[in-house]
Structures are given as structure tokens and as C-alpha cells.
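Below is one structure, written out as C-alpha cells; comments come after it.
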Amino acid sequence: MTTRVPQERRRRRPTRSGVLLSEELIVETALRLIGEHGPEALSVRRLGTALGCDPTALYRYFHDTDDLVLAIADRIIGDAMEGFVPGEDWVAALREMARRVRAGYLAHPRAAAFASYRVTRRANEIRAVETGIGLLLSAGFGPADATRLYLTFIDTVLGHAAMDAAFLALPRGQREADHRAWSEVYQGLDPAAHPALTTVRQELQTLGDSSFEQAVDLLLEALTARAPGA
């Protein structure tokens, strides 16, 4: 596990082009490069070129590339949760939290694949975990149940968010081909060999949609049923 770079080493410093270098600027530039060129763009050399600075200057802010990955993951969480103030309805609050998290990864689909499963150990993630577990505690769940149920909740949300983001990151032609498969390939299957698929033939196009909302609804219904006093 790496330790954070000391604060005095992370002061804003001007690059050769006169831009003030900072942790925030490096993360923003990394997200832009990933969005344009994919995860392979995340290198010290390419970042240095984009920022107009010596690549070694980045080590004043991050120990290595993985340290930067964690900062990127935490930035996505922070953007998703910005301005979120849970109300008294814990179910509605968890639903909004789930939608925010998914939207955060959809905003950066090419970064979602390597960011969604990391533990950032940073402020934004800590606030999100505090919020989620706090909502379950407010519903009356004990510490053990609140913790485990939060894990179930957030894993469900992150799993769907990462999958939806990965699909969004595909080239347009591949996305369209996958959607067409449900209305073309699956519609022409032999009824004798595939009786179940033939029975639901008219509904198969819905398999090309995201199941995120339904999964969240089912999970929240289960949590509501298990809540103390339900």
C-alpha cells in the first residue's frame, strides 16, 4: 500500500507552459486522455506531454500510476456525490445515491473499467461509505447488518454501472450490432430447439436494455422488507 505524497510536495507548481500544476489538474487531464484514447493513455510520459511538464514532475503529486488511478477513481465518486444531501426517506436516498454512482461512471465510461472496483482510501469514497452505511443505520439495521447490506447494495450498483459503462465505451457499430442481435438473430431461432425463447420472442429486444433500475428496485424492496419494524 502506498502512502500519500506529503502536502508540501503537492503545492501548485508552474509547468514549462506556465500552467500551475496540481493534483486536481493532473487528474482532470488523465480523465480527458483516458476518454479520448482509452486506459492505455494513462502513462507518465503522455501526461507530461499533455500538461507541458517534465514527466518526473508528476511524482511530486503521485507515487506511481496506481496512486493516480486511485485519485481518478475517487474523483469520479466525488463528482457523482457532489451536492447529495439525503432526506429522511432512506429508501429514496439510497435510490438517488445508486443513480448518482451509475451516472458518475457513465460520464467516464473508459475509466470505469479500472476505477469501479478499487478502494481509493480517499475523502470522497469515505464520505460515500459513511453516507450509505448511515442510511442503513437510520433504517434501524444493526452495525453488522448495515455493513453487510451496504456491501450488497454498493456491489450491485457498481457492477451494473461498470457493465453499462463498458458497453457505452464500445464503438458505436459494435453497440448497434449487439442491439440488433435481439431483433434479428434471436428472432430467427428454431422453435423446436428453443421453445422458451420462442415463447418470449416478442419481448427479447428488452434484453438489450440495462437492468439497472429494476435491479435497484428489487434490492431496495428486499431491504425494505428486512428493515426492523417492517
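Numbering starts fresh at 1 for the residues of each chain in the C-alpha cells, the chains themselves are lettered A, B, ... in the order given, and ligands are numbered from 1 as they appear.
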
Would you write out, as a tab-separated table, a table of all residues in region 139-207 of chain A that have an atom no more than 9 Å from an atom of region 211-225 of chain A, listing for each the closest atom pair and the distance in Å to one decimal, considering only C-alpha atoms and ordering rows by chain and rising residue number?
```
residue	atom	partner	partner_atom	distance
A:Ala139	CA	A:Thr224	CA	8.7
A:Leu149	CA	A:Leu223	CA	8.1
A:Thr152	CA	A:Leu219	CA	8.8
A:Phe153	CA	A:Leu219	CA	7.3
A:Thr156	CA	A:Val216	CA	7.8
A:Val157	CA	A:Val216	CA	7.4
A:His160	CA	A:Phe212	CA	5.9
A:Ala161	CA	A:Phe212	CA	7.7
A:Asp164	CA	A:Phe212	CA	8.5
A:Leu207	CA	A:Ser211	CA	8.3
```

Write the residues of the preceding selection, restricted to all heavy atoms, as a tab-separated table (two decimals), in the first residue's frame.
```tsv
chain	number	residue	atom	x	y	z
A	139	ALA	N	-32.26	3.30	9.13
A	139	ALA	CA	-33.43	2.44	8.89
A	139	ALA	C	-33.64	1.44	10.02
A	139	ALA	O	-34.63	0.72	10.02
A	139	ALA	CB	-33.24	1.68	7.57
A	149	LEU	N	-25.14	-5.25	4.37
A	149	LEU	CA	-26.15	-4.85	3.39
A	149	LEU	C	-25.65	-3.70	2.53
A	149	LEU	O	-26.00	-3.61	1.35
A	149	LEU	CB	-27.45	-4.48	4.10
A	149	LEU	CG	-28.18	-5.66	4.74
A	149	LEU	CD1	-29.38	-5.18	5.55
A	149	LEU	CD2	-28.62	-6.67	3.67
A	152	THR	N	-23.64	-5.28	-0.17
A	152	THR	CA	-24.52	-5.84	-1.19
A	152	THR	C	-25.07	-4.74	-2.09
A	152	THR	O	-25.11	-4.88	-3.32
A	152	THR	CB	-25.68	-6.60	-0.54
A	152	THR	OG1	-25.16	-7.64	0.29
A	152	THR	CG2	-26.61	-7.20	-1.58
A	153	PHE	N	-25.50	-3.65	-1.48
A	153	PHE	CA	-26.05	-2.52	-2.23
A	153	PHE	C	-25.02	-1.94	-3.18
A	153	PHE	O	-25.26	-1.82	-4.39
A	153	PHE	CB	-26.54	-1.46	-1.24
A	153	PHE	CG	-26.82	-0.12	-1.87
A	153	PHE	CD1	-27.98	0.10	-2.58
A	153	PHE	CD2	-25.89	0.91	-1.75
A	153	PHE	CE1	-28.23	1.34	-3.17
A	153	PHE	CE2	-26.14	2.15	-2.33
A	153	PHE	CZ	-27.31	2.37	-3.05
A	156	THR	N	-23.87	-4.23	-6.05
A	156	THR	CA	-24.90	-4.31	-7.10
A	156	THR	C	-24.86	-3.07	-7.98
A	156	THR	O	-24.88	-3.17	-9.22
A	156	THR	CB	-26.29	-4.45	-6.46
A	156	THR	OG1	-26.34	-5.65	-5.69
A	156	THR	CG2	-27.38	-4.49	-7.54
A	157	VAL	N	-24.78	-1.92	-7.35
A	157	VAL	CA	-24.75	-0.66	-8.10
A	157	VAL	C	-23.49	-0.57	-8.96
A	157	VAL	O	-23.56	-0.24	-10.16
A	157	VAL	CB	-24.82	0.54	-7.13
A	157	VAL	CG1	-24.60	1.86	-7.88
A	157	VAL	CG2	-26.18	0.56	-6.43
A	160	HIS	N	-23.47	-3.06	-12.03
A	160	HIS	CA	-24.29	-2.58	-13.15
A	160	HIS	C	-23.68	-1.35	-13.79
A	160	HIS	O	-23.68	-1.21	-15.02
A	160	HIS	CB	-25.71	-2.29	-12.67
A	160	HIS	CG	-26.56	-3.51	-12.55
A	160	HIS	ND1	-27.34	-3.98	-13.57
A	160	HIS	CD2	-26.73	-4.37	-11.51
A	160	HIS	CE1	-27.97	-5.08	-13.19
A	160	HIS	NE2	-27.62	-5.33	-11.94
A	161	ALA	N	-23.16	-0.44	-12.97
A	161	ALA	CA	-22.56	0.78	-13.51
A	161	ALA	C	-21.37	0.46	-14.39
A	161	ALA	O	-21.22	1.02	-15.49
A	161	ALA	CB	-22.14	1.70	-12.36
A	164	ASP	N	-22.63	-1.22	-17.69
A	164	ASP	CA	-23.26	-0.25	-18.58
A	164	ASP	C	-22.22	0.70	-19.17
A	164	ASP	O	-22.30	1.09	-20.35
A	164	ASP	CB	-24.32	0.55	-17.82
A	164	ASP	CG	-25.53	-0.30	-17.46
A	164	ASP	OD1	-25.67	-1.43	-18.00
A	164	ASP	OD2	-26.35	0.15	-16.63
A	207	LEU	N	-33.85	-7.38	-23.72
A	207	LEU	CA	-32.59	-7.88	-23.18
A	207	LEU	C	-31.40	-7.02	-23.61
A	207	LEU	O	-30.31	-7.16	-23.09
A	207	LEU	CB	-32.37	-9.33	-23.61
A	207	LEU	CG	-33.34	-10.35	-23.01
A	207	LEU	CD1	-32.99	-11.76	-23.49
A	207	LEU	CD2	-33.33	-10.30	-21.49
```

- Task: Write down as a PyMOL selection string the residues belonging to region 2-226 of chain A that are assigned helix (DSSP H, G or I) by DSSP computed on the backbone.
- Result: chain A and resi 7-10+23-37+39-41+44-51+55-60+65-81+90-106+109-115+123-138+143-169+172-183+186-188+195-199+201-208+212-226

- Between CA of Leu151 (chain A) and CA of Phe84 (chain A), distance in Å (one decimal):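 Calculated distance between CA of Leu151 (chain A) and CA of Phe84 (chain A) is 19.8 Å.
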
- Message: Could you go through chain A and tell me which residues DSSP, when run on the backbone, assigns to strand (DSSP E), listing them as number ranges by chain?
- Response: A: 13-14, 20-21

- Selection near Trp90 (chain A), 9 Å with only C-alpha atoms, sequence-local residues under 3 positions removed, as number ranges by chain: A: 86-87, 93-95, 135-136, 138-139

- Counting only C-alpha atoms, what is within 8 Å of Leu168 (chain A), bar same-chain residues fewer than 6 positions away, as a PyMOL selection string? chain A and resi 106+109+175

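Among the candidates A:Ile76, A:Leu21, A:Ala165, A:Ala41, the one nearest to Arg60 (chain A) when counting only C-alpha atoms is A:Leu21.
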
- Item | Near-Val119 (chain A) list (10 Å; only C-alpha atoms; drop same-chain fewer than 6 positions) as a ChimeraX atom specification | /A:70,73-74,125-126

Keeping only all heavy atoms, write the selected residues as a PDB file, in the first residue's frame.
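Generated output (part23.pdb):
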```
ATOM      1  N   LEU A  70      -6.071   5.591  -8.264  1.00  0.00           N
ATOM      2  CA  LEU A  70      -6.923   5.726  -7.082  1.00  0.00           C
ATOM      3  C   LEU A  70      -7.488   7.131  -6.975  1.00  0.00           C
ATOM      4  O   LEU A  70      -8.644   7.321  -6.574  1.00  0.00           O
ATOM      5  CB  LEU A  70      -6.123   5.371  -5.829  1.00  0.00           C
ATOM      6  CG  LEU A  70      -5.623   3.925  -5.742  1.00  0.00           C
ATOM      7  CD1 LEU A  70      -4.853   3.707  -4.437  1.00  0.00           C
ATOM      8  CD2 LEU A  70      -6.773   2.931  -5.845  1.00  0.00           C
ATOM      9  N   ALA A  73     -10.305   7.375  -9.511  1.00  0.00           N
ATOM     10  CA  ALA A  73     -11.494   6.681  -9.009  1.00  0.00           C
ATOM     11  C   ALA A  73     -12.204   7.532  -7.961  1.00  0.00           C
ATOM     12  O   ALA A  73     -13.441   7.617  -7.943  1.00  0.00           O
ATOM     13  CB  ALA A  73     -11.105   5.331  -8.430  1.00  0.00           C
ATOM     14  N   ASP A  74     -11.438   8.165  -7.095  1.00  0.00           N
ATOM     15  CA  ASP A  74     -12.035   8.986  -6.050  1.00  0.00           C
ATOM     16  C   ASP A  74     -12.676  10.243  -6.629  1.00  0.00           C
ATOM     17  O   ASP A  74     -13.703  10.707  -6.134  1.00  0.00           O
ATOM     18  CB  ASP A  74     -10.976   9.369  -5.012  1.00  0.00           C
ATOM     19  CG  ASP A  74     -11.585   9.749  -3.685  1.00  0.00           C
ATOM     20  OD1 ASP A  74     -12.219   8.883  -3.055  1.00  0.00           O
ATOM     21  OD2 ASP A  74     -11.441  10.923  -3.267  1.00  0.00           O
ATOM     22  N   GLU A 125     -14.547   8.748  -1.360  1.00  0.00           N
ATOM     23  CA  GLU A 125     -15.024   7.393  -1.104  1.00  0.00           C
ATOM     24  C   GLU A 125     -15.469   7.240   0.349  1.00  0.00           C
ATOM     25  O   GLU A 125     -16.519   6.641   0.634  1.00  0.00           O
ATOM     26  CB  GLU A 125     -13.925   6.390  -1.419  1.00  0.00           C
ATOM     27  CG  GLU A 125     -14.296   4.944  -1.095  1.00  0.00           C
ATOM     28  CD  GLU A 125     -13.092   4.029  -1.208  1.00  0.00           C
ATOM     29  OE1 GLU A 125     -12.260   4.019  -0.268  1.00  0.00           O
ATOM     30  OE2 GLU A 125     -12.973   3.345  -2.236  1.00  0.00           O
ATOM     31  N   ILE A 126     -14.672   7.777   1.268  1.00  0.00           N
ATOM     32  CA  ILE A 126     -15.000   7.663   2.694  1.00  0.00           C
ATOM     33  C   ILE A 126     -16.338   8.329   2.986  1.00  0.00           C
ATOM     34  O   ILE A 126     -17.176   7.779   3.726  1.00  0.00           O
ATOM     35  CB  ILE A 126     -13.876   8.264   3.553  1.00  0.00           C
ATOM     36  CG1 ILE A 126     -12.613   7.392   3.435  1.00  0.00           C
ATOM     37  CG2 ILE A 126     -14.301   8.398   5.013  1.00  0.00           C
ATOM     38  CD1 ILE A 126     -11.371   8.007   4.043  1.00  0.00           C
TER      39      ILE A 126
END
```

- Query: Expressed in Å to a single decimal, how great is the separation between CA of Glu36 (chain A) and CA of Arg110 (chain A)?
  - Reply: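 Separation between CA of Glu36 (chain A) and CA of Arg110 (chain A): 8.7 Å.
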